[in-house]
Amino acid sequence: MAPPSRFGDKAFHWLTLVMAMVVVVLVILTGWQLWRGSSLAVEKFGFHFLATSTWDPVAEQFGALPFIYGTLVSSLIALLIAVPLSIATAVYLTELAPFWIRQPLVSLIEMLAAIPSVILGLWGIFVMVPWLRDYPFPFLKRYFGWIPLFTGPIYGPCMFAGGIIIAIMILPIITSISREILRSVPDLQREAAYGLGATRWEVTRIAVLSYARKGLFGAVILGLGRALGETMAVTMVIGNTPQIAASLFKPGYTLASVIANEFTEATTDIYLGALFEIGLVLFGITILVNLIAQFLLKTMTTTTSATRAVQ
Amino acid sequence: MMINGAGATFPYPIYSKWFDAYTKVDPSVRFNYQSIGSGGGQKQVLAQTVDFGASDGPMSDDNLAKAPGKLLHIPTVAGADVVAYNVPGNPKLKFDADTIAGIFLGQIKKWNDPKITALNPGAKLPDQEIVVVHRSDGSGTTYIWTDYLSKISLEWKTKVGTNTSVNWPAGIGGKGNEGVAGQIKQTPGAIGYVELIYAIQNKMPYADVKNSAGEFVTPTLESITAALATAEIPDDFRFSMTNAPGKDAYPICGATWLLVYEQQKDPAKGKKLVEFLKWAVKDGEKMAKDLNYAPLPETVQQRVLKRIDEIKT
């Protein structure tokens, strides 16, 4: 009897390999294209591009520092708001909520993810920003004005508003992934903790959260990846002013926003080159953040199947 | 036959109206116009990937030098930037060159600044901070605005200059006309510039502006056409019509152009394009007012027609 043909296995192996390689090639091509497009600006400005703050298309002086700052700060604000909210939501949904309410809540959160960015941005201009300007911001200024973060005049569109809108946008992804991770924590963990006489809070903290922390960290990093690249909604509420200011009430600018704003009308080569280099910087930051995340993940000890799934 | 074009977004509504109406004049021609922005329009026409380009600003000498053949600028219609604001009660306000420059340079900071109140004795202006709102995206609207400021303020010209986007000395940036309009509407004490069409459609209050003849002029299609009639227009049609002389001329306006090669590569297509351009200038101009664009004055139309005749196919 002839051995069974292994052709199917082999074909499947090669097919999936090719598919996987497509992703790798895409990343490399993107990087290469950005590098090529920005060569003129890289030659002209060198390292100064990353270290200076002037963005003047008329004089053709370009520095990316305020954009890098704006991207990092707005993403950080977004994470500070979205991470506790998302993880608390995920914990509620997996550990505490009555069963009948879980599915409707999950659907609602997924709906939030489906709102187009530009719609969220318009909502930001017409609803969120005026509200923030009239209520929460004056409150923060009044009681926390001694912190430099909450000083200065309040216009409405600002770094803080940008961070909040990003938080809303990354909330669904962090919540859904966190929920999947918490669900994959074996019930044995929980039962063991209950068996030791732990309260519900202790069970959640020790048996669930600590067990799943690597996976949750992965969820946060995926959220951060989104945050760094968020464009349209942020552009509409951040005020689009390239400056580095201590106060979160001052307008800011992000790397992705300046590309979206200026690319279509950029007519000179060096201007286009500078915008390409902004793209390259964003690309670099995203890769860097992911590498740091990978490193941090490795230094954590507990491993779960869920974290492996996320990695 | 398909004629491809790309470029400016500002004239897109009237161009699509023209392309549509022209199918009745010549059913054999179809137009495909991508409103990708003036920068894109210039790039595409230089790369000859389209049959014509469109731009809200005239091309620079540097960019023209990159063209493989002689590129003609064909002005089509004009529009205006209006000074829109949000102050309590929204009274009708008047501004002159000095106050506008002062506000946008960040030197006039309060609504009750003597420079503003002197121009508006009737209006009650509060002791409120002025919030400057400008476009954050590169746009022809900003080009017109900064072109005007550069002409009337030496300080603006040396510090900031003219471009589709600039290094703003003051204010916050909103994306698109809708972003600027939204921020003006939502922010008490805000002032900014939007296209006239946009201000009319959104019922925003906008100011009269003192022109170079010393008259306060309300931005209307007539006062834009008046500016076109008195603006100095050189033979290559690369003109700026801001701060035009004449007592009826509104000072902050600009034209938009089609970019066409003098020597057409494809004779058949070239002929059809020339026919269309002539039709646009003769008949298309009549549709401008309905869509809130200012048409070219008669004298300019004649000059443009002559230039179209020079296109070789």
# chains A, B, ... in the order shown; residues from 1 in each chain; ligands from 1
>>> interface_residues(of="chain B", to="chain A", cutoff="8 Å", atoms="only C-alpha atoms", output="VMD selection string")
chain B and resid 36 to 40 42 to 43 63 131 136 to 139 160 to 167 171 to 175 179 182 to 183 186 to 187
>>> write_last_selection(atoms="N, CA and C atoms", output="compact mmCIF listing (two decimals), in the first residue's frame")
# COMPACT_ATOMS: atom_id res chain seq x y z
N ILE B 36 -8.31 66.01 -4.80
CA ILE B 36 -7.31 65.52 -3.85
C ILE B 36 -6.53 66.65 -3.20
N GLY B 37 -6.87 67.89 -3.52
CA GLY B 37 -6.13 69.03 -2.97
C GLY B 37 -5.21 69.64 -4.01
N SER B 38 -4.91 70.94 -3.82
CA SER B 38 -4.11 71.66 -4.82
C SER B 38 -2.71 71.08 -4.98
N GLY B 39 -2.10 70.70 -3.86
CA GLY B 39 -0.76 70.14 -3.92
C GLY B 39 -0.74 68.90 -4.79
N GLY B 40 -1.71 68.03 -4.55
CA GLY B 40 -1.85 66.81 -5.33
C GLY B 40 -2.10 67.11 -6.80
N GLN B 42 -1.18 69.74 -8.52
CA GLN B 42 0.06 70.20 -9.16
C GLN B 42 0.99 69.03 -9.43
N LYS B 43 1.10 68.15 -8.44
CA LYS B 43 1.99 67.00 -8.58
C LYS B 43 1.56 66.11 -9.75
N ASN B 63 8.15 74.92 -9.12
CA ASN B 63 7.34 73.80 -9.60
C ASN B 63 7.10 73.87 -11.10
N VAL B 131 -10.01 84.35 20.98
CA VAL B 131 -9.45 83.04 20.65
C VAL B 131 -9.35 82.94 19.13
N SER B 136 -6.02 74.07 10.21
CA SER B 136 -4.84 73.29 10.51
C SER B 136 -4.40 72.49 9.29
N ASP B 137 -5.33 72.22 8.39
CA ASP B 137 -4.97 71.48 7.19
C ASP B 137 -4.51 72.48 6.12
N GLY B 138 -3.62 72.03 5.28
CA GLY B 138 -3.17 72.89 4.20
C GLY B 138 -4.36 73.18 3.29
N SER B 139 -4.55 74.46 2.91
CA SER B 139 -5.71 74.74 2.08
C SER B 139 -5.56 76.05 1.33
N VAL B 160 5.81 85.43 9.14
CA VAL B 160 5.00 84.24 8.83
C VAL B 160 5.01 83.91 7.33
N GLY B 161 4.57 84.84 6.49
CA GLY B 161 4.60 84.62 5.05
C GLY B 161 3.32 84.03 4.50
N THR B 162 3.37 83.65 3.22
CA THR B 162 2.20 83.16 2.50
C THR B 162 2.37 81.70 2.13
N ASN B 163 1.38 80.89 2.45
CA ASN B 163 1.44 79.48 2.04
C ASN B 163 0.10 78.81 2.34
N THR B 164 -0.04 77.56 1.90
CA THR B 164 -1.26 76.82 2.19
C THR B 164 -1.32 76.41 3.66
N SER B 165 -0.14 76.29 4.31
CA SER B 165 -0.14 76.21 5.77
C SER B 165 1.11 76.94 6.25
N VAL B 166 1.01 77.57 7.39
CA VAL B 166 2.12 78.39 7.87
C VAL B 166 2.38 78.10 9.34
N ASN B 167 3.41 78.73 9.86
CA ASN B 167 3.75 78.62 11.27
C ASN B 167 2.98 79.71 12.01
N GLY B 171 -3.17 81.14 18.25
CA GLY B 171 -4.45 80.48 18.01
C GLY B 171 -4.42 78.97 17.96
N ILE B 172 -5.62 78.40 17.73
CA ILE B 172 -5.76 76.96 17.65
C ILE B 172 -6.20 76.58 16.23
N GLY B 173 -5.87 75.37 15.83
CA GLY B 173 -6.14 74.94 14.47
C GLY B 173 -7.34 74.01 14.39
N GLY B 174 -8.23 74.28 13.46
CA GLY B 174 -9.37 73.39 13.22
C GLY B 174 -9.22 72.76 11.84
N LYS B 175 -9.66 71.50 11.70
CA LYS B 175 -9.48 70.83 10.43
C LYS B 175 -10.64 71.10 9.48
N GLY B 179 -14.26 72.27 10.65
CA GLY B 179 -13.56 72.28 11.93
C GLY B 179 -13.41 73.70 12.47
N GLY B 182 -16.87 75.01 13.39
CA GLY B 182 -17.31 74.37 14.62
C GLY B 182 -16.66 75.00 15.83
N GLN B 183 -15.35 75.23 15.73
CA GLN B 183 -14.65 75.80 16.88
C GLN B 183 -15.05 77.25 17.12
N GLN B 186 -18.44 77.10 18.77
CA GLN B 186 -18.45 76.52 20.12
C GLN B 186 -17.64 77.30 21.12
N THR B 187 -16.77 78.21 20.66
CA THR B 187 -15.87 78.89 21.58
C THR B 187 -16.25 80.36 21.72
>>> residues_around(residues="Leu72 in chain B", least_positions_apart="3", cutoff="9 Å", atoms="only C-alpha atoms", output="list of chain:residue names")
B:Asp236, B:Phe237, B:Leu258, B:Leu259, B:Val260, B:Tyr261, B:Glu262, B:Arg307, B:Ile308, B:Ile311
>>> residues_around(residues="Ile221 in chain A", least_positions_apart="2", cutoff="9 Å", atoms="only C-alpha atoms", output="list of chain:residue names")
A:Ile174, A:Leu216, A:Phe217, A:Gly218, A:Ala219, A:Gly223, A:Leu224, A:Gly225, A:Arg226, A:Val289, A:Asn290, A:Ala293
>>> select_by_dssp(residues="range 11-106 of chain A", states="strand (DSSP E or B)", output="MDAnalysis selection string")
chainID A and resid 55:56 61:62
>>> residues_around(residues="Ala88 in chain A", least_positions_apart="2", cutoff="12 Å", atoms="only C-alpha atoms", output="list in words")
Ile81, Ala82, Val83, Pro84, Leu85, Ser86, Ala90, Val91, Tyr92, Leu93, Thr94, Glu95, Leu96, Ala97, Leu171, Ile174, Thr175, Ser176, Ser178, Arg179, Leu182, Thr204, Arg205, Leu209 and Leu216 of chain A
>>> residues_around(residues="Val281 in chain A", least_positions_apart="2", cutoff="9 Å", atoms="only C-alpha atoms", output="ChimeraX atom specification")
/A:50,64,68,255,276-279,283-286
>>> atom_distance(atom1="CA of Glu129 in chain B", atom2="CA of Lys141 in chain A")
17.4 Å
>>> closest_residue(among="A:Leu105, A:Val42, A:Val203, A:Ile181", to="Tyr271 in chain A", atoms="only C-alpha atoms")
A:Val42
>>> residues_around(residues="Ala78 in chain B", least_positions_apart="5", cutoff="12 Å", atoms="only C-alpha atoms", output="number ranges by chain")
B: 10-11, 14, 55-57, 140-141, 144, 195-197, 220-229, 239-242, 250, 252-257, 285, 288-289, 291-297
>>> atom_distance(atom1="CA of Asp81 in chain B", atom2="CA of Asp113 in chain B")
23.3 Å
>>> closest_residue(among="B:Leu305, B:Ala21, B:Ile103, B:Leu149", to="Val132 in chain B", atoms="only C-alpha atoms")
B:Ile103
>>> residues_around(residues="Asp98 in chain B", least_positions_apart="3", cutoff="12 Å", atoms="only C-alpha atoms", output="list in words")
Lys94, Phe95, Ala101, Gly102, Ile103, Phe104, Leu105, Gln107, Ile108, Lys115, Ile116, Leu119, Tyr148, Leu149, Ser150, Lys151, Ile152, Ser153, Leu154, Glu155, Trp156, Val209, Lys210, Asn211 and Ser212 of chain B
>>> select_by_dssp(residues="range 21-254 of chain A", states="helix (DSSP H, G or I)", output="PyMOL selection string")
chain A and resi 21-45+48-51+65-96+99-114+117-134+136-144+148-150+159-183+187-195+200-209+213-229+232-237
>>> atom_distance(atom1="CA of Ile200 in chain B", atom2="CA of Val77 in chain B")
17.6 Å
>>> closest_residue(among="A:Val208, A:Val27, A:Ile244, A:Leu140", to="Ser53 in chain A", atoms="only C-alpha atoms")
A:Ile244
>>> closest_residue(among="A:Pro148, A:Leu26, A:Leu228, A:Ala233", to="Leu288 in chain A", atoms="only C-alpha atoms")
A:Leu228
